[in-house]
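Notes to accompany the following structure.
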Amino acid sequence: MPLVALRDEALGYGAGAVLRQITLSVAPGERVVLLGRSGAGKSTLLGALHDRIVGGGHRVALVPQDHALVPQLSVRHNVLMGRLDDRSAAYNLTSLLRVRSRDRAEIDAILDRVGLGEEAPRAVEGLSGGQKQRTALARALYRGGAALIADEPVSAVDEGQAGRLLDEMSAAFGTAILALHDVGQARAFATRLIGLRGGRIAFDAAPGEIGAGELERLYAA
Ligand SMILES: Nc1ncnc2c1ncn2[C@@H]1O[C@H](COP(=O)(O)OP(=O)(O)OP(=O)(O)O)[C@@H](O)[C@H]1O
């Protein structure tokens with residue numbers, strides 16, 4: 001039983017389709033990476049897959065390209081928001097004043113895993129781009145779920161850190177669908193690569209089956 005299935009669908013905004021004739025399904029346990037030039041439609045496809053998986057009643061952890069953090073709040077509070085919809089309004093409001101010790105311990109352990117242990121009390125607005133990105137990843141780890149959907153989740157950290165973070169995400173989520181621009185990272189992470197070009201799926205196969213020529217054509221002007 002696939003987690004999500006699209007069949008010959010057009011995806012876009014309002015009247016205009018960004019992607020056409022999209023047929024794909026994702027099974028539990030797959031690690032899918034979307035590749036393509038800027039504007040190829042990776043975020044559009046991630047958004048559609050997110051909505052379908054959530055619509056199917058599954059819990060999803062989302063890392064949007066812009067991170068969707070609350071700048072004025074602390075790193076710890078932003079991570080806490082990964083479970084906002086699991087809790088009552090009263091619980092969430094009182095947590096704003098003081099994060100309960102049980103939640104704090106769980107969150108701080110996750111912050112250690114992404115190298116942000118020292119930054120827990122800092123307001124997000126004062127962080128570097130890479131620290132903000134790691135806060136969004138920590139929020140996804142804290143949320144958990146059947147699938148991770150992440151749009152360029154390691155674009156602002158160095159190569160070594162990116163590899164370690166992708167390993168963390170891979171271990172924490174049974175299924176993951178990511179957009180990445182680094183082909184090496186994509187090959188290392190994915191069980192399946194999907195290339196988008198010209199509004200269509202150009203390839204959809206295991207990394208070992210995608211040659212350098214296909215990747216060159218995907219990114220050619
Ligand atoms: N909210 C929106 N409303 C209308 N058009 C949009 C919207 N978001 C994206 N688009 C358009 O859809 C197309 C695909 O954009 P999308 O963000 O999915 O590409 P992408 O592959 O994720 O690009 P990037 O690598 O630059 O993030 C672009 O032409 C873009 O202008």
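Following the order of the structure tokens, chains are lettered A, B, ..., residues in each are numbered from 1, and ligands are numbered from 1.
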Counting only C-alpha atoms and all ligand atoms, which residues in chain A sit no more than 10 Å from ligand 1? For each one, give the nearest pair of atoms and the distance in Å, sorted by chain then residue number, as a tab-separated table.
residue	atom	partner	partner_atom_place_in_ligand_line	distance
A:Leu11	CA	ligand 1	12 (O)	9.3
A:Gly12	CA	ligand 1	12 (O)	6.6
A:Tyr13	CA	ligand 1	4 (C)	5.0
A:Gly14	CA	ligand 1	4 (C)	7.4
A:Ala15	CA	ligand 1	4 (C)	9.6
A:Gly16	CA	ligand 1	5 (N)	8.1
A:Ala17	CA	ligand 1	12 (O)	8.2
A:Val18	CA	ligand 1	12 (O)	5.4
A:Leu19	CA	ligand 1	14 (C)	8.1
A:Leu34	CA	ligand 1	21 (O)	8.6
A:Leu35	CA	ligand 1	21 (O)	7.8
A:Gly36	CA	ligand 1	21 (O)	6.0
A:Arg37	CA	ligand 1	25 (O)	6.0
A:Ser38	CA	ligand 1	25 (O)	3.6
A:Gly39	CA	ligand 1	19 (O)	3.4
A:Ala40	CA	ligand 1	21 (O)	3.9
A:Gly41	CA	ligand 1	18 (O)	3.2
A:Lys42	CA	ligand 1	21 (O)	3.8
A:Ser43	CA	ligand 1	22 (O)	3.7
A:Thr44	CA	ligand 1	18 (O)	3.7
A:Leu45	CA	ligand 1	18 (O)	6.6
A:Leu46	CA	ligand 1	18 (O)	8.0
A:Gly47	CA	ligand 1	18 (O)	8.3
A:Gln65	CA	ligand 1	27 (O)	7.3
A:Asp66	CA	ligand 1	27 (O)	9.9
A:Asp151	CA	ligand 1	22 (O)	7.6
A:Glu152	CA	ligand 1	27 (O)	7.8
A:Ala179	CA	ligand 1	22 (O)	7.5
A:Leu180	CA	ligand 1	25 (O)	8.3
A:His181	CA	ligand 1	25 (O)	7.4
A:Leu196	CA	ligand 1	21 (O)	7.8
A:Arg197	CA	ligand 1	21 (O)	9.0
A:Gly199	CA	ligand 1	14 (C)	8.6
**Asked** Can you list, as a PyMOL selection string, every protein, DNA or RNA residue that comes within 12 Å of Asp112 in chain A when you count only C-alpha atoms, leaving out same-chain residues fewer than 5 positions away?
**Response** chain A and resi 76+105-107+117-120+134-135+138+141+165+168
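Across the structure, CA of Ala171 in chain A and CA of Leu111 in chain A are spaced 15.8 Å apart.
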**Asked** Could you pull the residues within 12 Å of range 85-100 of chain A, counting only C-alpha atoms, minus those fewer than 5 positions along the same chain, as a ChimeraX atom specification?
**Response** /A:59,72-80,105-108,120-121,142-144
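We find CA of Gln133 in chain A and CA of Leu215 in chain A to be spaced 26.7 Å apart.
Between CA of Gln161 in chain A and CA of Ala220 in chain A there is a distance of 28.5 Å.
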**Request:** Could you please write out, as a ChimeraX atom specification, every residue of range 17-173 of chain A that DSSP assigns to strand (DSSP E or B)?
**Result:** /A:17-26,31-35,60-63,74,123,147-151
**Item:** In range 23-200 of chain A, DSSP alpha helix (DSSP H) residues written as JSON, numbers by chain
**Value:** {"A": [42, 43, 44, 45, 46, 47, 48, 49, 50, 51, 52, 53, 54, 55, 75, 76, 77, 78, 79, 80, 89, 90, 91, 92, 93, 94, 95, 96, 97, 101, 102, 103, 104, 105, 106, 107, 108, 109, 110, 111, 112, 113, 129, 130, 131, 132, 133, 134, 135, 136, 137, 138, 139, 140, 141, 142, 143, 159, 160, 161, 162, 163, 164, 165, 166, 167, 168, 169, 170, 171, 172, 183, 184, 185, 186, 187, 188, 189]}
**Prompt:** From the list A:Gln185, A:Ser170, A:Thr175, A:Gln21, which residue is nearest Ile53 in chain A when using only C-alpha atoms?
**Reply:** A:Thr175
